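K.L.:
Contents of query38.pdb (PDB, C-alpha atoms, pLDDT in the B column) are below:
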ATOM      1  CA  MET I 903      77.497  97.837 105.478  1.00 68.00           C
ATOM      2  CA  VAL I 904      78.809  95.908 108.455  1.00 77.00           C
ATOM      3  CA  ILE I 905      77.096  92.711 107.297  1.00 83.00           C
ATOM      4  CA  ASP I 906      78.529  93.236 103.831  1.00 81.00           C
ATOM      5  CA  SER I 907      82.008  93.658 105.299  1.00 84.00           C
ATOM      6  CA  PHE I 908      81.660  90.309 107.094  1.00 86.00           C
ATOM      7  CA  LEU I 909      80.451  88.632 103.899  1.00 87.00           C
ATOM      8  CA  ILE I 910      83.268  90.115 101.818  1.00 87.00           C
ATOM      9  CA  GLY I 911      85.915  89.435 104.471  1.00 88.00           C
ATOM     10  CA  GLY I 912      84.649  85.884 105.071  1.00 90.00           C
ATOM     11  CA  SER I 913      84.748  85.140 101.351  1.00 90.00           C
ATOM     12  CA  GLY I 914      88.268  86.511 101.161  1.00 89.00           C
ATOM     13  CA  PHE I 915      89.354  84.500 104.195  1.00 92.00           C
ATOM     14  CA  ALA I 916      87.946  81.319 102.634  1.00 92.00           C
ATOM     15  CA  LEU I 917      89.857  82.022  99.420  1.00 90.00           C
ATOM     16  CA  LEU I 918      93.070  82.673 101.367  1.00 90.00           C
ATOM     17  CA  VAL I 919      92.887  79.626 103.620  1.00 93.00           C
ATOM     18  CA  PHE I 920      91.079  77.107 101.369  1.00 91.00           C
ATOM     19  CA  PRO I 921      91.746  78.311  97.808  1.00 90.00           C
ATOM     20  CA  THR I 922      91.248  74.976  96.044  1.00 89.00           C
ATOM     21  CA  ARG I 923      88.096  73.985  97.940  1.00 90.00           C
ATOM     22  CA  THR I 924      86.520  77.436  97.589  1.00 89.00           C
ATOM     23  CA  SER I 925      87.284  77.523  93.857  1.00 88.00           C
ATOM     24  CA  GLU I 926      85.711  74.081  93.450  1.00 90.00           C
ATOM     25  CA  MET I 927      82.619  75.189  95.386  1.00 89.00           C
ATOM     26  CA  LEU I 928      82.266  78.117  92.979  1.00 86.00           C
ATOM     27  CA  GLY I 929      82.605  75.742  90.018  1.00 89.00           C
ATOM     28  CA  MET I 930      85.800  77.332  88.740  1.00 84.00           C
ATOM     29  CA  PRO I 931      87.825  75.258  86.275  1.00 83.00           C
ATOM     30  CA  THR I 932      91.144  73.707  87.227  1.00 80.00           C
ATOM     31  CA  PHE I 933      94.286  75.331  85.841  1.00 81.00           C
ATOM     32  CA  VAL I 934      97.891  75.508  86.911  1.00 75.00           C
ATOM     33  CA  ASP I 935      97.853  78.792  88.845  1.00 83.00           C
ATOM     34  CA  ARG I 936      94.283  78.622  90.199  1.00 84.00           C
ATOM     35  CA  GLU I 937      95.416  78.471  93.827  1.00 88.00           C
ATOM     36  CA  TRP I 938      97.581  81.589  93.444  1.00 88.00           C
ATOM     37  CA  PHE I 939      94.757  83.538  91.779  1.00 89.00           C
ATOM     38  CA  ALA I 940      92.297  82.433  94.468  1.00 89.00           C
ATOM     39  CA  ARG I 941      94.657  83.554  97.247  1.00 90.00           C
ATOM     40  CA  PHE I 942      95.246  86.889  95.519  1.00 89.00           C
ATOM     41  CA  ALA I 943      91.491  87.451  95.137  1.00 88.00           C
ATOM     42  CA  GLY I 944      91.085  86.498  98.796  1.00 88.00           C
ATOM     43  CA  LEU I 945      93.682  89.054  99.851  1.00 89.00           C
ATOM     44  CA  VAL I 946      91.895  91.780  97.881  1.00 89.00           C
ATOM     45  CA  LEU I 947      88.515  90.782  99.349  1.00 88.00           C
ATOM     46  CA  VAL I 948      89.845  90.790 102.925  1.00 89.00           C
ATOM     47  CA  ALA I 949      91.269  94.294 102.384  1.00 88.00           C
ATOM     48  CA  LEU I 950      87.979  95.463 100.856  1.00 86.00           C
ATOM     49  CA  GLY I 951      86.013  93.970 103.750  1.00 86.00           C
ATOM     50  CA  MET I 952      88.201  95.795 106.263  1.00 86.00           C
ATOM     51  CA  HIS I 953      87.778  99.033 104.328  1.00 82.00           C
ATOM     52  CA  VAL I 954      83.986  98.660 104.279  1.00 81.00           C
ATOM     53  CA  ALA I 955      83.903  97.890 108.009  1.00 81.00           C
ATOM     54  CA  THR I 956      86.113 100.860 108.873  1.00 79.00           C
ATOM     55  CA  THR I 957      84.180 103.258 106.652  1.00 75.00           C
ATOM     56  CA  SER I 958      80.788 102.181 107.959  1.00 70.00           C
ATOM     57  CA  ARG I 959      81.848 102.619 111.589  1.00 69.00           C
ATOM     58  CA  SER I 960      84.048 105.692 111.728  1.00 67.00           C
ATOM     59  CA  ALA I 961      83.670 107.761 108.572  1.00 61.00           C
ATOM     60  CA  GLY I 962      81.625 110.926 108.233  1.00 67.00           C
ATOM     61  CA  ASP I 963      78.473 111.057 106.165  1.00 72.00           C
ATOM     62  CA  LYS I 964      80.157 112.317 102.995  1.00 76.00           C
ATOM     63  CA  ALA I 965      82.818 109.600 103.124  1.00 76.00           C
ATOM     64  CA  PHE I 966      80.094 107.052 103.806  1.00 75.00           C
ATOM     65  CA  ALA I 967      78.205 108.229 100.701  1.00 78.00           C
ATOM     66  CA  ARG I 968      81.381 108.010  98.578  1.00 81.00           C
ATOM     67  CA  MET I 969      81.973 104.492  99.867  1.00 80.00           C
ATOM     68  CA  ALA I 970      78.422 103.521  98.926  1.00 80.00           C
ATOM     69  CA  VAL I 971      78.970 104.767  95.360  1.00 85.00           C
ATOM     70  CA  PHE I 972      82.229 102.802  95.235  1.00 85.00           C
ATOM     71  CA  MET I 973      80.493  99.663  96.517  1.00 85.00           C
ATOM     72  CA  ILE I 974      77.743  99.923  93.887  1.00 88.00           C
ATOM     73  CA  PHE I 975      80.381  99.477  91.196  1.00 91.00           C
ATOM     74  CA  ILE I 976      82.442  96.905  93.119  1.00 89.00           C
ATOM     75  CA  SER I 977      79.435  94.714  94.019  1.00 88.00           C
ATOM     76  CA  ALA I 978      78.163  94.817  90.447  1.00 92.00           C
ATOM     77  CA  ALA I 979      81.634  94.021  89.078  1.00 92.00           C
ATOM     78  CA  ILE I 980      82.127  91.081  91.439  1.00 89.00           C
ATOM     79  CA  ALA I 981      78.688  89.630  90.643  1.00 91.00           C
ATOM     80  CA  THR I 982      79.246  90.054  86.904  1.00 93.00           C
ATOM     81  CA  SER I 983      82.751  88.569  87.043  1.00 90.00           C
ATOM     82  CA  ILE I 984      81.601  85.514  88.968  1.00 89.00           C
ATOM     83  CA  TYR I 985      78.672  85.040  86.585  1.00 93.00           C
ATOM     84  CA  GLN I 986      80.884  85.266  83.493  1.00 92.00           C
ATOM     85  CA  ALA I 987      83.734  83.164  84.890  1.00 88.00           C
ATOM     86  CA  PRO I 988      84.366  79.874  83.142  1.00 87.00           C
ATOM     87  CA  GLY I 989      83.281  76.681  84.822  1.00 87.00           C
ATOM     88  CA  ASN I 990      80.145  75.037  86.115  1.00 89.00           C
ATOM     89  CA  PHE I 991      77.316  76.861  87.812  1.00 92.00           C
ATOM     90  CA  THR I 992      76.993  75.555  91.345  1.00 93.00           C
ATOM     91  CA  GLY I 993      74.774  76.585  94.212  1.00 92.00           C
ATOM     92  CA  TRP I 994      77.634  78.564  95.748  1.00 91.00           C
ATOM     93  CA  ARG I 995      78.246  80.387  92.484  1.00 91.00           C
ATOM     94  CA  TRP I 996      74.567  81.324  92.209  1.00 94.00           C
ATOM     95  CA  PHE I 997      74.654  82.452  95.853  1.00 92.00           C
ATOM     96  CA  ALA I 998      77.667  84.679  95.144  1.00 90.00           C
ATOM     97  CA  VAL I 999      76.079  86.169  92.003  1.00 93.00           C
ATOM     98  CA  ILE I1000      72.706  86.780  93.648  1.00 94.00           C
ATOM     99  CA  SER I1001      74.180  88.199  96.862  1.00 90.00           C
ATOM    100  CA  GLY I1002      76.450  90.523  94.844  1.00 90.00           C
ATOM    101  CA  GLY I1003      73.447  91.682  92.849  1.00 92.00           C
ATOM    102  CA  LEU I1004      71.386  92.208  95.997  1.00 92.00           C
ATOM    103  CA  TRP I1005      74.172  94.235  97.629  1.00 89.00           C
ATOM    104  CA  THR I1006      74.364  96.353  94.472  1.00 90.00           C
ATOM    105  CA  LEU I1007      70.614  96.939  94.671  1.00 91.00           C
ATOM    106  CA  LEU I1008      70.768  97.705  98.391  1.00 87.00           C
ATOM    107  CA  TYR I1009      73.542 100.274  97.967  1.00 85.00           C
ATOM    108  CA  THR I1010      71.731 101.793  94.960  1.00 88.00           C
ATOM    109  CA  VAL I1011      68.460 102.171  96.893  1.00 86.00           C
ATOM    110  CA  THR I1012      69.932 103.408 100.175  1.00 80.00           C
ATOM    111  CA  LEU I1013      72.387 105.909  98.689  1.00 79.00           C
ATOM    112  CA  PRO I1014      69.709 108.403  97.543  1.00 77.00           C
ATOM    113  CA  ILE I1015      67.907 108.023 100.871  1.00 74.00           C
ATOM    114  CA  LYS I1016      71.127 108.759 102.769  1.00 68.00           C
ATOM    115  CA  THR I1017      71.963 111.645 100.405  1.00 67.00           C
ATOM    116  CA  ILE I1018      68.523 113.225 100.890  1.00 67.00           C
ATOM    117  CA  GLY I1019      69.004 112.929 104.651  1.00 62.00           C
ATOM    118  CA  LEU I1020      72.370 114.677 104.342  1.00 55.00           C
ATOM    119  CA  GLN I1021      70.846 117.571 102.406  1.00 56.00           C
ATOM    120  CA  ASP I1022      68.049 117.949 104.966  1.00 53.00           C
ATOM    121  CA  ASP I1023      70.584 117.998 107.823  1.00 53.00           C
ATOM    122  CA  GLU I1024      72.740 120.613 106.097  1.00 55.00           C
ATOM    123  CA  ALA I1025      69.701 122.830 105.343  1.00 52.00           C
ATOM    124  CA  THR I1026      68.451 122.755 108.947  1.00 56.00           C
ATOM    125  CA  SER I1027      71.797 123.205 110.694  1.00 54.00           C
ATOM    126  CA  PRO I1028      72.676 126.740 111.833  1.00 56.00           C
TER     127      PRO I1028
END
In structure tokens, write the structure found in this file.
P.N.:
Amino acid sequence: MVIDSFLIGGSGFALLVFPTRTSEMLGMPTFVDREWFARFAGLVLVALGMHVATTSRSAGDKAFARMAVFMIFISAAIATSIYQAPGNFTGWRWFAVISGGLWTLLYTVTLPIKTIGLQDDEATSP
């Protein structure tokens, strides 16, 4: 989850600092308020990245599992939104869609493994 937090936070930082360039790299169309929307999305992504980093480092196992469920939906929603967004498909857009899909898959596969480990720990503890 730490790598994911860096990816999410880095994407958000790029949208905050370079909104026009980042939007162009993703193939997003030009419209009047594009810079404002890009900065707002960047702010949300930075906050999400910080939340993921904090949860992965200092939360208990149950909170970690809840965060993984949350990230399954968020990663899938981000990948789907970027895929369906108007504009041209660029290499960066494909990278964002594929990485979002891979993170969704990773969270989906590791969540049951982590949950099974939690149940084993609870059954063996006195």
K.L.:
Could you jot down the CA of Phe933 (chain I) to CA of Ala978 (chain I) separation for me, Å, one decimal place?
P.N.:
25.7 Å
K.L.:
Pick from I:Ala949, I:Met927, I:Gly944, I:Thr957: nearest to Phe915 (chain I), with all atoms listed in the file counted?
P.N.:
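Closest residue, counting all atoms listed in the file: I:Gly944.
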K.L.:
What's the 8 Å shell around Arg995 (chain I), counting all atoms listed in the file, without same-chain residues fewer than 2 positions away, as a ChimeraX atom specification?
P.N.:
/I:927-929,984-985,991-993,997-999
K.L.:
Got a sec: who's within 8 Å of Thr1006 (chain I), counting all atoms listed in the file, leaving out chain neighbours fewer than 5 positions off, as a VMD selection string?
P.N.:
chain I and resid 973 to 975 977 to 978
K.L.:
One decimal, Å: what's the distance from CA of Gly951 (chain I) over to CA of Trp938 (chain I), could you say?
P.N.:
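CA of Trp938 (chain I) lies at a distance of 19.8 Å from CA of Gly951 (chain I).
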K.L.:
Which one is closest to Ser925 (chain I): I:Ala987, I:Val1011, I:Val954, I:Leu1004? Count all atoms listed in the file.
P.N.:
I:Ala987
K.L.:
So which one's closest to Pro1014 (chain I), I:Val971, I:Ile910, I:Ile980, I:Leu918? Using only C-alpha atoms, please.
P.N.:
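The answer is I:Val971, which sits nearest to Pro1014 (chain I).
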K.L.:
So how far away is CA of Ala970 (chain I) from CA of Ala916 (chain I), in Å?
P.N.:
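Answer for the CA of Ala916 (chain I) to CA of Ala970 (chain I) separation: 24.4 Å.
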K.L.:
If you apply the PyMOL selection byres ((chain I and resi 955) around 8) to this file, what residues do you get, as a PyMOL selection string?
P.N.:
chain I and resi 903-904+907-908+951-954+956-959
K.L.:
Taking into account all atoms listed in the file, which residue in the set I:Asp906, I:Glu937, I:Thr932, I:Trp994 is nearest to Phe920 (chain I)?
P.N.:
I:Glu937
K.L.:
Counting all atoms listed in the file, which of I:Trp996, I:Leu950, I:Leu1013, I:Phe939 gets nearest to Phe966 (chain I)?
P.N.:
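So, comparing all the options, the nearest one is I:Leu1013.
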K.L.:
Can you tell me, as JSON, numbers by chain, what residues are no more than 9 Å from Ser913 (chain I) when counting all atoms listed in the file, ignoring any on the same chain fewer than 6 positions away?
P.N.:
{"I": [924, 944, 947, 948]}
K.L.:
Return region 973-986 of chain I, completed with N, CA and C atoms, as a PDB file, in the coordinates of the input.
P.N.:
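New file part_17.pdb:
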ATOM      1  N   MET I 973      80.967 101.029  96.336  1.00 85.00           N
ATOM      2  CA  MET I 973      80.493  99.663  96.517  1.00 85.00           C
ATOM      3  C   MET I 973      79.418  99.278  95.502  1.00 85.00           C
ATOM      4  N   ILE I 974      78.691 100.241  94.960  1.00 88.00           N
ATOM      5  CA  ILE I 974      77.743  99.923  93.887  1.00 88.00           C
ATOM      6  C   ILE I 974      78.511  99.317  92.716  1.00 88.00           C
ATOM      7  N   PHE I 975      79.586  99.968  92.325  1.00 91.00           N
ATOM      8  CA  PHE I 975      80.381  99.477  91.196  1.00 91.00           C
ATOM      9  C   PHE I 975      81.123  98.186  91.537  1.00 91.00           C
ATOM     10  N   ILE I 976      81.690  98.102  92.726  1.00 89.00           N
ATOM     11  CA  ILE I 976      82.442  96.905  93.119  1.00 89.00           C
ATOM     12  C   ILE I 976      81.514  95.691  93.224  1.00 89.00           C
ATOM     13  N   SER I 977      80.369  95.836  93.877  1.00 88.00           N
ATOM     14  CA  SER I 977      79.435  94.714  94.019  1.00 88.00           C
ATOM     15  C   SER I 977      78.938  94.238  92.663  1.00 88.00           C
ATOM     16  N   ALA I 978      78.617  95.185  91.791  1.00 92.00           N
ATOM     17  CA  ALA I 978      78.163  94.817  90.447  1.00 92.00           C
ATOM     18  C   ALA I 978      79.280  94.131  89.667  1.00 92.00           C
ATOM     19  N   ALA I 979      80.500  94.619  89.798  1.00 92.00           N
ATOM     20  CA  ALA I 979      81.634  94.021  89.078  1.00 92.00           C
ATOM     21  C   ALA I 979      81.938  92.610  89.585  1.00 92.00           C
ATOM     22  N   ILE I 980      81.871  92.413  90.884  1.00 89.00           N
ATOM     23  CA  ILE I 980      82.127  91.081  91.439  1.00 89.00           C
ATOM     24  C   ILE I 980      81.047  90.106  90.982  1.00 89.00           C
ATOM     25  N   ALA I 981      79.780  90.513  91.072  1.00 91.00           N
ATOM     26  CA  ALA I 981      78.688  89.630  90.643  1.00 91.00           C
ATOM     27  C   ALA I 981      78.803  89.293  89.161  1.00 91.00           C
ATOM     28  N   THR I 982      79.111  90.280  88.343  1.00 93.00           N
ATOM     29  CA  THR I 982      79.246  90.054  86.904  1.00 93.00           C
ATOM     30  C   THR I 982      80.443  89.154  86.598  1.00 93.00           C
ATOM     31  N   SER I 983      81.556  89.384  87.268  1.00 90.00           N
ATOM     32  CA  SER I 983      82.751  88.569  87.043  1.00 90.00           C
ATOM     33  C   SER I 983      82.522  87.110  87.417  1.00 90.00           C
ATOM     34  N   ILE I 984      81.873  86.890  88.547  1.00 89.00           N
ATOM     35  CA  ILE I 984      81.601  85.514  88.968  1.00 89.00           C
ATOM     36  C   ILE I 984      80.623  84.846  88.002  1.00 89.00           C
ATOM     37  N   TYR I 985      79.641  85.590  87.538  1.00 93.00           N
ATOM     38  CA  TYR I 985      78.672  85.040  86.585  1.00 93.00           C
ATOM     39  C   TYR I 985      79.343  84.664  85.266  1.00 93.00           C
ATOM     40  N   GLN I 986      80.245  85.498  84.791  1.00 92.00           N
ATOM     41  CA  GLN I 986      80.884  85.266  83.493  1.00 92.00           C
ATOM     42  C   GLN I 986      82.109  84.362  83.563  1.00 92.00           C
TER      43      GLN I 986
END
